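Data block below; observations after.
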Amino acid sequence: MRIVALAGGIGGARFLRGLKDVVAPGDEITVIGNTGDDIHLFGLKVCPDLDTVMYTLGGGIHEEQGWGRADETFAVKEELAAYGVGPSWFGLGDRDFATHIVRTQMLGAGYPLSAVTEALCHRWQPGVRLLPMSDDRVETHVRITDGTGTRAVHFQEYWVKLHAAVDAEAIIPVGADTAKPAPGVLEAIAAADVILFPPSNPVVSIGSILAVPGIRAAVAGAAAPVVGLSPIIGGAPVRGMADKVLAAVGVEASASAVALHYGAELLDGWLVDEADADAVGAVEAAGIRCRAVPLLMSDPAATAAMARTALELAERVRA
Ligand code: GDP
Ligand code: CA
């Protein structure tokens with residue numbers, strides 16, 4: 001079986017770990033990773049979501065934090081701060097720095113991001129084929145208004161520095177309109193037996209991937225059933241501030257509203273948490289098969305059960 005998953009960072013990576021636990025030997029998982037979160041810092045190209053997937057599946061992740069490396073130290077960050085060189089709000093550890101140095105060096109030598117990601121994965125052996133959504137530069141920006149007026153800030157500045165404390169007025173995936181899907185992306189979608197939307201951010205993770213011209217149409221037109229899992233439980237994101245970016249695109253933070261935002265042209269099936277069982281009717285009325293099951297990735301077994309249920313729902317909508 002060929003499984004394709006669109007993934008952001010923490011939510012996507014944790015789900016993928018559960019998915020790996022339940023697939024049969026010989027099944028292939030291709031992950032199309034969000035690169036809209038990418039940022040250039042200290043002259044280095046940083047790809048937070050690709051790295052979160054790579055470290056999580058490769059055994060290098062800081063488990064409690066969900067991003068960054070385990071056993072991390074911050075000597076470089078401290079030395080940069082001693083020079084007065086920022087930004088200081090983005091936590092890059094020493095081990096993590098090495099990844100960005102290797103990536104930036106390879107990009108400078110002319111390799112596309114997809115080839116660089118493959119090379120980095122050679123070390124981490126994530127057990128999936130990890131493809132960036134595009135080799136072209138896409139960077140999500142957020143329009144905000146605060147004391148200094150209205151301006152667009154990089155998504156990382158909005159999320160990490162400002163903690164999404166001001167309202168997001170618009171989400172702009174800068175560069176997406178002229179970006180091309182990375183080699184293998186459209187082919188993987190077309191050849192898939194199942195396509196999954198993990199409980200990743202619908203706007204700035206999966207939304208950014210779908211904003212690359214050709215990807216949304218490929219998913220909508222794919223022969224494979226498409227099943228998603230709600231990142232919203234009981235009217236709030238399980239972690240993070242997804243409600244702020246949902247509001248920016250006019251979508252309520254609820255399990256049913258997110259399903260309807262994707263719509264029946266993309267989704268065949270949708271899983272909501274048991275706490276949102278009353279959302280099942282509205283989702284099914286929109287033409288999307290829906291089930292209410294536990295959706296908290298509290299431990300590997302619970303996460304694996306979610307993945308198994310998603311694959312079962314895909315089988316049912318296929319029939
Ligand atoms: P990011 O790039 O690190 O923000 O990660 P993703 O976009 O992949 O996922 C973020 C989303 O995962 C957030 O909107 C969370 O609500 C959601 N999430 C995190 N943990 C869980 C969980 O245990 N269950 C569910 N259903 N969603 C989760
Ligand atoms: Ca992200």
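Labels used: A, B, ... for chains in the order of the structure tokens, numbers from 1 for residues in each chain, and numbers from 1 for ligands as shown.
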(request) Return as number ranges by chain the residues of protein, DNA or RNA that approach ligand 2 to within 10 Å, with only C-alpha atoms and all ligand atoms taken into account. (result) A: 7-12, 33-38, 47-50, 52, 67, 155-156, 159, 200-201, 204-206, 208
Kindly export the residues of the current selection with N, CA and C atoms, as a compact mmCIF listing (two decimals), in the first residue's frame.
```txt
# COMPACT_ATOMS: atom_id res chain seq x y z
N ALA A 7 2.05 16.97 5.84
CA ALA A 7 2.35 17.16 7.26
C ALA A 7 3.01 18.49 7.56
N GLY A 8 2.60 19.05 8.72
CA GLY A 8 3.30 20.19 9.30
C GLY A 8 4.38 19.68 10.23
N GLY A 9 4.50 20.30 11.41
CA GLY A 9 5.56 19.93 12.34
C GLY A 9 5.11 18.93 13.39
N ILE A 10 4.84 19.43 14.58
CA ILE A 10 4.66 18.54 15.74
C ILE A 10 3.46 17.60 15.59
N GLY A 11 2.30 18.16 15.23
CA GLY A 11 1.10 17.32 15.10
C GLY A 11 1.28 16.28 14.01
N GLY A 12 1.84 16.72 12.90
CA GLY A 12 2.07 15.81 11.78
C GLY A 12 3.07 14.72 12.13
N GLY A 33 5.99 17.53 3.10
CA GLY A 33 6.19 18.40 4.26
C GLY A 33 6.00 19.87 3.94
N ASN A 34 5.49 20.59 4.94
CA ASN A 34 5.29 22.03 4.79
C ASN A 34 6.62 22.77 4.86
N THR A 35 6.84 23.65 3.90
CA THR A 35 8.04 24.50 3.96
C THR A 35 7.68 25.98 4.07
N GLY A 36 6.38 26.25 4.28
CA GLY A 36 5.96 27.64 4.45
C GLY A 36 6.48 28.26 5.74
N ASP A 37 6.90 27.42 6.69
CA ASP A 37 7.46 27.91 7.96
C ASP A 37 8.95 28.23 7.85
N ASP A 38 9.53 27.95 6.69
CA ASP A 38 10.98 28.12 6.56
C ASP A 38 11.39 29.56 6.77
N CYS A 47 14.38 24.89 8.17
CA CYS A 47 13.12 24.28 7.73
C CYS A 47 12.49 23.56 8.93
N PRO A 48 11.80 24.31 9.79
CA PRO A 48 11.35 23.74 11.07
C PRO A 48 10.46 22.51 10.91
N ASP A 49 9.53 22.54 9.98
CA ASP A 49 8.59 21.41 9.90
C ASP A 49 9.25 20.16 9.33
N LEU A 50 10.08 20.34 8.30
CA LEU A 50 10.79 19.17 7.75
C LEU A 50 11.67 18.55 8.83
N THR A 52 11.32 18.75 12.12
CA THR A 52 10.53 18.11 13.18
C THR A 52 10.11 16.70 12.76
N TRP A 67 9.82 19.75 19.34
CA TRP A 67 10.65 20.26 18.25
C TRP A 67 12.09 20.36 18.75
N PHE A 155 5.86 34.37 9.50
CA PHE A 155 5.07 33.49 10.35
C PHE A 155 5.79 33.16 11.66
N GLN A 156 7.08 32.92 11.60
CA GLN A 156 7.82 32.56 12.83
C GLN A 156 7.84 33.72 13.82
N TRP A 159 4.40 33.67 15.38
CA TRP A 159 4.13 32.49 16.21
C TRP A 159 5.06 32.43 17.43
N SER A 200 -2.60 18.27 11.59
CA SER A 200 -1.69 19.41 11.44
C SER A 200 -2.51 20.68 11.28
N ASN A 201 -1.85 21.81 11.42
CA ASN A 201 -2.53 23.09 11.30
C ASN A 201 -3.17 23.23 9.91
N VAL A 204 -1.69 27.06 8.24
CA VAL A 204 -0.28 27.35 7.99
C VAL A 204 0.57 26.09 7.78
N SER A 205 -0.02 24.90 7.92
CA SER A 205 0.72 23.68 7.58
C SER A 205 0.10 23.06 6.32
N ILE A 206 -1.06 22.43 6.48
CA ILE A 206 -1.69 21.78 5.32
C ILE A 206 -2.14 22.82 4.30
N SER A 208 -0.73 25.64 3.58
CA SER A 208 0.42 26.11 2.79
C SER A 208 0.80 25.09 1.72
```
(message) Neighbouring residues of Leu246 (chain A) were defined as those with any atom within 9 Å, considering only C-alpha atoms; residues of the same chain fewer than 3 positions away were excluded. Please report them as a PyMOL selection string.
(response) chain A and resi 168+201-203+242-243+249-253+258
(request) Determine the nearest neighbour of Val219 (chain A) from the options A:Thr30, A:Leu186, A:Ile3, A:Cys290, counting only C-alpha atoms. (result)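 Answer, going by the shortest atom-to-atom distance: A:Leu186.
Taking CA of Lys180 (chain A) and CA of Val4 (chain A) as the two end points, the separation is 18.2 Å.
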(request) Return the single residue from A:Val227, A:Ala82, A:Leu6, A:Val166 that is closest to ligand 1, with distances computed using only C-alpha atoms and all ligand atoms. (result) A:Leu6
(request) Using only C-alpha atoms and all ligand atoms, pick whichever of A:Gly228, A:Gly149, A:Gly110, A:Pro173 has the shortest atom-to-atom distance to ligand 1. (result) A:Gly228
(request) Name all residues at most 12 Å from Glu64 (chain A) (count only C-alpha atoms; drop same-chain ones fewer than 6 positions away) and give them as a list in words. (result) Ile10, Arg14, Thr56, Ala70, Asp71, Ser298 and Asp299 of chain A
Dump as a short mmCIF file (atom, residue, chain, number, x, y, z; two decimals), in the first residue's frame, selection limited to N, CA and C atoms:
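Output saved as again00.cif:
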```cif
data_model
loop_
_atom_site.label_atom_id
_atom_site.label_comp_id
_atom_site.auth_asym_id
_atom_site.auth_seq_id
_atom_site.Cartn_x
_atom_site.Cartn_y
_atom_site.Cartn_z
N ILE A 10 4.84 19.43 14.58
CA ILE A 10 4.66 18.54 15.74
C ILE A 10 3.46 17.60 15.59
N ARG A 14 4.10 13.56 15.07
CA ARG A 14 3.65 12.59 16.08
C ARG A 14 2.68 11.60 15.46
N THR A 56 11.74 13.53 14.63
CA THR A 56 10.76 12.71 15.36
C THR A 56 10.81 11.26 14.87
N ALA A 70 17.03 16.37 20.97
CA ALA A 70 17.21 15.88 22.34
C ALA A 70 18.64 16.21 22.78
N ASP A 71 18.85 16.32 24.08
CA ASP A 71 20.19 16.57 24.64
C ASP A 71 20.85 17.79 24.00
N SER A 298 -1.77 10.89 23.15
CA SER A 298 -1.20 10.92 24.50
C SER A 298 -0.04 9.96 24.66
N ASP A 299 -0.04 8.88 23.91
CA ASP A 299 1.08 7.93 23.96
C ASP A 299 1.12 7.18 22.63
#
```
(request) Check region 12-257 of chain A with DSSP on the backbone and list each residue it calls strand (DSSP E), as a PyMOL selection string. (result) chain A and resi 28-33+39-41+44-46+129-132+139-146+149-154+170-174+194-197+226-229+232-233+236-237
(message) I need the residue nearest Leu120 (chain A) from this list: A:Glu157, A:Glu312, A:Glu187, A:Asp96. Use only C-alpha atoms for the distance.
(response)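 Among A:Glu157, A:Glu312, A:Glu187, A:Asp96, it is A:Asp96 that comes nearest to Leu120 (chain A).
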(request) Go through region 116-236 of chain A and collect every residue that DSSP, computed from the backbone, puts in alpha helix (DSSP H); the answer should be as a PyMOL selection string. (result) chain A and resi 116-124+155-156+185-191+206-210+215-221
Written file, previous selection with C-alpha atoms, as a PDB file, in the first residue's frame:
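Okay, result.pdb is ready:
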```
ATOM      1  CA  VAL A 116      19.136  18.191   0.454  1.00  0.00           C
ATOM      2  CA  THR A 117      16.262  16.736   2.497  1.00  0.00           C
ATOM      3  CA  GLU A 118      17.000  13.291   1.107  1.00  0.00           C
ATOM      4  CA  ALA A 119      20.654  13.691   2.078  1.00  0.00           C
ATOM      5  CA  LEU A 120      19.775  14.780   5.623  1.00  0.00           C
ATOM      6  CA  CYS A 121      17.372  11.838   5.904  1.00  0.00           C
ATOM      7  CA  HIS A 122      20.194   9.532   4.939  1.00  0.00           C
ATOM      8  CA  ARG A 123      21.529  10.097   8.412  1.00  0.00           C
ATOM      9  CA  TRP A 124      18.180  10.017  10.231  1.00  0.00           C
ATOM     10  CA  PHE A 155       5.073  33.493  10.353  1.00  0.00           C
ATOM     11  CA  GLN A 156       7.821  32.563  12.828  1.00  0.00           C
ATOM     12  CA  VAL A 185       5.026  15.217  -5.066  1.00  0.00           C
ATOM     13  CA  LEU A 186       2.349  15.052  -7.759  1.00  0.00           C
ATOM     14  CA  GLU A 187       3.489  11.575  -8.778  1.00  0.00           C
ATOM     15  CA  ALA A 188       3.140  10.310  -5.189  1.00  0.00           C
ATOM     16  CA  ILE A 189      -0.360  11.784  -4.871  1.00  0.00           C
ATOM     17  CA  ALA A 190      -1.442  10.253  -8.182  1.00  0.00           C
ATOM     18  CA  ALA A 191      -0.045   6.828  -7.263  1.00  0.00           C
ATOM     19  CA  ILE A 206      -1.686  21.784   5.317  1.00  0.00           C
ATOM     20  CA  GLY A 207      -3.063  25.035   3.882  1.00  0.00           C
ATOM     21  CA  SER A 208       0.421  26.113   2.788  1.00  0.00           C
ATOM     22  CA  ILE A 209       1.044  22.768   1.098  1.00  0.00           C
ATOM     23  CA  LEU A 210      -2.289  23.000  -0.728  1.00  0.00           C
ATOM     24  CA  ILE A 215      -1.165  20.104  -5.228  1.00  0.00           C
ATOM     25  CA  ARG A 216      -4.761  20.896  -4.267  1.00  0.00           C
ATOM     26  CA  ALA A 217      -6.017  19.772  -7.675  1.00  0.00           C
ATOM     27  CA  ALA A 218      -3.934  16.598  -7.482  1.00  0.00           C
ATOM     28  CA  VAL A 219      -5.404  15.700  -4.066  1.00  0.00           C
ATOM     29  CA  ALA A 220      -8.940  16.571  -5.192  1.00  0.00           C
ATOM     30  CA  GLY A 221      -8.543  14.507  -8.340  1.00  0.00           C
TER      31      GLY A 221
END
```
(message) List the spatial neighbours of Ile144 (chain A) as a PyMOL selection string - criterion: any atom at most 6 Å away, only C-alpha atoms, same-chain residues fewer than 2 positions off excluded.
(response) chain A and resi 150-151+168-169
Writing out the chosen residues with N, CA, C and O atoms as a PDB file, in the first residue's frame:
```pdb
ATOM      1  N   THR A 150      -0.035  48.733  10.677  1.00  0.00           N
ATOM      2  CA  THR A 150      -0.334  47.475  10.010  1.00  0.00           C
ATOM      3  C   THR A 150       0.882  47.037   9.212  1.00  0.00           C
ATOM      4  O   THR A 150       1.463  47.826   8.479  1.00  0.00           O
ATOM      5  N   ARG A 151       1.274  45.783   9.396  1.00  0.00           N
ATOM      6  CA  ARG A 151       2.416  45.279   8.648  1.00  0.00           C
ATOM      7  C   ARG A 151       2.348  43.769   8.546  1.00  0.00           C
ATOM      8  O   ARG A 151       1.568  43.117   9.252  1.00  0.00           O
ATOM      9  N   ALA A 168      -4.378  37.727  13.815  1.00  0.00           N
ATOM     10  CA  ALA A 168      -3.880  37.594  12.444  1.00  0.00           C
ATOM     11  C   ALA A 168      -4.985  38.084  11.516  1.00  0.00           C
ATOM     12  O   ALA A 168      -6.119  37.632  11.613  1.00  0.00           O
ATOM     13  N   GLU A 169      -4.659  39.053  10.647  1.00  0.00           N
ATOM     14  CA  GLU A 169      -5.676  39.612   9.740  1.00  0.00           C
ATOM     15  C   GLU A 169      -5.680  38.902   8.406  1.00  0.00           C
ATOM     16  O   GLU A 169      -6.702  38.848   7.720  1.00  0.00           O
TER      17      GLU A 169
END
```
(request) Could you jot down the CA of Ala302 (chain A) to CA of Val53 (chain A) separation for me, Å, one decimal place? (result)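 Computed distance, CA of Ala302 (chain A) to CA of Val53 (chain A), equals 18.7 Å.
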(message) What's around Ala224 (chain A) at 6 Å? Count only C-alpha atoms, leave out sequence neighbours fewer than 3 positions away in its own chain, and write the answer as a PyMOL selection string.
(response) chain A and resi 192-194
(message) Give me, as a PyMOL selection string, all polymer residues having an atom no more than 8 Å from Gly93 (chain A), counting only C-alpha atoms and skipping those fewer than 4 positions away in the same chain.
(response) chain A and resi 68-69+72-77+97
(message) For a quick check of understanding, using only C-alpha atoms, which of A:Ala285, A:Ala109, A:Ile101, A:Leu196 has the smallest distance to Leu311 (chain A)?
(response)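 Nearest candidate to Leu311 (chain A) out of A:Ala285, A:Ala109, A:Ile101, A:Leu196: A:Leu196.
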(message) Using only C-alpha atoms, can you tell me which of A:Pro231, A:Thr178, A:Leu313, A:Ala165 comes closest to Lys244 (chain A)?
(response)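 Smallest separation from Lys244 (chain A) among the options: A:Ala165.
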